[in-house]
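Following: one structure in structure tokens, then a few remarks.
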Amino acid sequence: MKRIALVSAVLLAAVNYAYSAGIEMNISPDGSNVKATYSGSLDLSGFFNSGSVESMYSGGEEALLWPQEPVIGVSTTSAETEMGSIWGIDSPLPSFGSDVQSVPDSFYGDSFGVTIDSGTSDQAIFFDVKDIDENNIVSVSGGMTFQNKTISDLGLNLGTYQMNDSDFAQGENITLTITPEPATMALLGLGGLFIRRRSS
């Protein structure tokens, strides 16, 4: 009986962890291309309770990467489709590169991203309302591909960036990680080896 209770507790913890992972966005080289992907889920209950979820309308099927503003997102819905948005984020996603606007060669998946109001520079999360379940959980996955581009071409700064808000469920946030080119990784590895050998 104790073993059953323990297994149940572990399974419940695993389910709660799955809902607490947030959404991860990754940008990394893929051969001669660069891929940006996103996946995960957010519990929007806190935002619904605070009245922070607003309606916005899709401009159609489009995608954009603009590191300086910052804007990163994919819309796969038809024009004028009603979507959900959350404005006034406590700790917005910081700028992750230069003033380079890049439209991907291809994109896919659920509508999701981070955008700004051009007039106020206020930052928002946007998503398709159809991706919200009965428990106010929005789950998304998708990505975009920039052909024959490098991390440098897209004006990206390497690193990990986060968006946080008091209305996020415990343990949740939105995280963006930008990974270097393989050659850069190799040089970093050699540098580390050189430092270790000099200090030994």
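Letters for chains follow the order of the structure tokens (A, B, ...), residue numbers begin at 1 for each chain, and ligand numbers begin at 1 in the order shown.
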Write down as a VMD selection string the residues of chain A whose backbone DSSP state falls under alpha helix (DSSP H). chain A and resid 2 to 19 45 to 49 182 to 199
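Among the candidates A:Ser52, A:Asn173, A:Ser106, A:Ser95, the residue lying nearest to Gly143 (chain A) is A:Ser106 (atoms considered: only C-alpha atoms).
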re CA of Asp167 (chain A) and CA of Phe47 (chain A): distance 5.6 Å
Neighbour list for region 124-131 of chain A as a list of chain:residue names, cut-off 7 Å, only C-alpha atoms, skip fewer than 2 positions in-chain: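 Listed by chain and then number, they are A:Met83, A:Gly84, A:Ser85, A:Ile86, A:Trp87, A:Gly88, A:Ile89, A:Ser111, A:Phe112, A:Gly113, A:Val114, A:Thr115, A:Ile116, A:Asp122, A:Asp133, A:Val138, A:Ser139.
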Same residues, N, CA, C and O atoms, saved as a compact mmCIF listing (two decimals), in the first residue's frame:
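The file below, again_5.txt, is the result:
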# COMPACT_ATOMS: atom_id res chain seq x y z
N MET A 83 -6.72 35.92 -31.52
CA MET A 83 -5.68 35.25 -30.76
C MET A 83 -5.66 35.83 -29.35
O MET A 83 -6.27 36.86 -29.07
N GLY A 84 -4.95 35.15 -28.45
CA GLY A 84 -4.80 35.64 -27.09
C GLY A 84 -3.46 36.34 -26.93
O GLY A 84 -2.49 36.02 -27.63
N SER A 85 -3.40 37.31 -26.03
CA SER A 85 -2.15 38.01 -25.76
C SER A 85 -2.10 38.42 -24.30
O SER A 85 -3.13 38.61 -23.65
N ILE A 86 -0.89 38.55 -23.79
CA ILE A 86 -0.66 38.99 -22.41
C ILE A 86 0.36 40.12 -22.45
O ILE A 86 1.50 39.93 -22.90
N TRP A 87 -0.05 41.30 -21.99
CA TRP A 87 0.80 42.49 -22.01
C TRP A 87 1.25 42.84 -20.59
O TRP A 87 0.74 42.32 -19.62
N GLY A 88 2.19 43.76 -20.50
CA GLY A 88 2.63 44.24 -19.20
C GLY A 88 3.39 43.21 -18.39
O GLY A 88 3.19 43.07 -17.18
N ILE A 89 4.27 42.46 -19.04
CA ILE A 89 5.06 41.44 -18.36
C ILE A 89 5.99 42.09 -17.33
O ILE A 89 6.64 43.10 -17.62
N SER A 111 0.85 28.80 -33.37
CA SER A 111 1.12 30.24 -33.29
C SER A 111 1.56 30.59 -31.88
O SER A 111 0.87 30.31 -30.91
N PHE A 112 2.74 31.19 -31.79
CA PHE A 112 3.27 31.57 -30.48
C PHE A 112 4.46 32.49 -30.68
O PHE A 112 5.21 32.37 -31.65
N GLY A 113 4.65 33.39 -29.71
CA GLY A 113 5.85 34.21 -29.77
C GLY A 113 5.81 35.38 -28.81
O GLY A 113 4.89 35.53 -28.00
N VAL A 114 6.85 36.20 -28.92
CA VAL A 114 6.99 37.42 -28.14
C VAL A 114 6.99 38.58 -29.12
O VAL A 114 7.74 38.56 -30.11
N THR A 115 6.15 39.58 -28.88
CA THR A 115 6.06 40.72 -29.78
C THR A 115 6.05 42.01 -28.97
O THR A 115 6.07 41.98 -27.73
N ILE A 116 6.02 43.14 -29.65
CA ILE A 116 5.99 44.44 -28.97
C ILE A 116 4.94 45.33 -29.62
O ILE A 116 4.56 45.14 -30.77
N ASP A 122 5.78 48.20 -25.32
CA ASP A 122 5.32 47.22 -24.35
C ASP A 122 5.44 45.83 -24.97
O ASP A 122 5.16 45.64 -26.14
N ASP A 133 -6.31 24.65 -23.09
CA ASP A 133 -7.24 23.60 -22.70
C ASP A 133 -8.17 24.06 -21.58
O ASP A 133 -8.14 25.22 -21.16
N VAL A 138 -1.82 26.47 -21.94
CA VAL A 138 -1.54 26.62 -23.36
C VAL A 138 -0.29 25.81 -23.69
O VAL A 138 0.74 25.94 -23.01
N SER A 139 -0.40 24.93 -24.68
CA SER A 139 0.72 24.08 -25.08
C SER A 139 1.05 24.36 -26.54
O SER A 139 0.15 24.38 -27.39
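When the distance limit is 10 Å and only C-alpha atoms are what count, the residues near Asp153 (chain A), minus those fewer than 5 positions from it on the same chain, are Val34, Val100, Ser102, Phe146 and Asn148 of chain A.
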For the atom pair CA of Asn26 (chain A) and CA of Thr179 (chain A), what is the interatomic distance in Å to one decimal place?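 It comes out at 7.7 Å.
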Pick from A:Ser91, A:Ser28, A:Ser50, A:Thr145, whichever lies nearest to Asp165 (chain A) using only C-alpha atoms: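 For Asp165 (chain A), the nearest of the given residues is A:Ser91.
The space separating CA of Ser152 (chain A) from CA of Met25 (chain A) comes to 18.0 Å.
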So that I can check the secondary structure, give me every residue of chain A assigned strand (DSSP E or B) by backbone DSSP, as a ChimeraX atom specification. /A:22-30,33-43,53-57,62-66,71-75,82-87,91,97,102,106-109,112-116,123-128,132,137-146,156,159-164,174-178
Give me, as a ChimeraX atom specification, all polymer residues having an atom no more than 9 Å from Leu65 (chain A), counting only C-alpha atoms and skipping those fewer than 3 positions away in the same chain. /A:70-73,100-104,154
Using only C-alpha atoms, which residue out of A:Ser58, A:Thr150, A:Gln123, A:Ser141 lies closest to Asn164 (chain A)?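 Closest candidate: A:Gln123.
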If we count only C-alpha atoms, what is near Gly155 (chain A) at a cut-off of 8 Å, once residues fewer than 3 positions away on the same chain are taken out, given as a VMD selection string? chain A and resid 67 97 to 100 151 to 152
Write the selection just made, keeping all heavy atoms, as a CSV table (one decimal), in the first residue's frame?
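result_35.csv, freshly written:
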chain,number,residue,atom,x,y,z
A,67,PRO,N,16.1,40.5,-33.0
A,67,PRO,CA,16.7,40.4,-31.7
A,67,PRO,C,16.7,41.7,-30.8
A,67,PRO,O,16.6,41.6,-29.6
A,67,PRO,CB,18.2,40.0,-32.0
A,67,PRO,CG,18.1,39.4,-33.4
A,67,PRO,CD,17.0,40.1,-34.1
A,97,GLY,N,20.3,40.6,-29.2
A,97,GLY,CA,21.1,40.8,-30.4
A,97,GLY,C,20.9,42.2,-31.0
A,97,GLY,O,20.4,43.1,-30.3
A,98,SER,N,21.3,42.4,-32.2
A,98,SER,CA,21.3,43.7,-32.9
A,98,SER,C,20.0,43.9,-33.7
A,98,SER,O,19.1,43.1,-33.7
A,98,SER,CB,22.5,43.8,-33.8
A,98,SER,OG,22.5,42.7,-34.8
A,99,ASP,N,20.0,45.1,-34.3
A,99,ASP,CA,18.8,45.6,-35.0
A,99,ASP,C,18.7,44.9,-36.4
A,99,ASP,O,18.8,45.6,-37.5
A,99,ASP,CB,18.8,47.1,-35.1
A,99,ASP,CG,17.5,47.7,-35.6
A,99,ASP,OD1,16.5,46.9,-35.6
A,99,ASP,OD2,17.5,48.8,-36.1
A,100,VAL,N,18.6,43.6,-36.5
A,100,VAL,CA,18.5,42.9,-37.7
A,100,VAL,C,17.2,42.2,-37.8
A,100,VAL,O,16.9,41.4,-36.9
A,100,VAL,CB,19.6,41.8,-37.9
A,100,VAL,CG1,19.5,41.0,-39.2
A,100,VAL,CG2,21.0,42.5,-37.8
A,151,ILE,N,24.6,32.3,-37.1
A,151,ILE,CA,24.1,33.0,-35.9
A,151,ILE,C,24.5,34.5,-36.0
A,151,ILE,O,23.7,35.4,-35.7
A,151,ILE,CB,24.8,32.4,-34.6
A,151,ILE,CG1,24.3,31.0,-34.4
A,151,ILE,CG2,24.6,33.3,-33.4
A,151,ILE,CD1,22.8,30.9,-34.0
A,152,SER,N,25.7,34.8,-36.6
A,152,SER,CA,26.2,36.1,-36.7
A,152,SER,C,25.3,36.9,-37.8
A,152,SER,O,25.0,38.1,-37.6
A,152,SER,CB,27.7,36.1,-37.2
A,152,SER,OG,28.1,37.4,-37.4
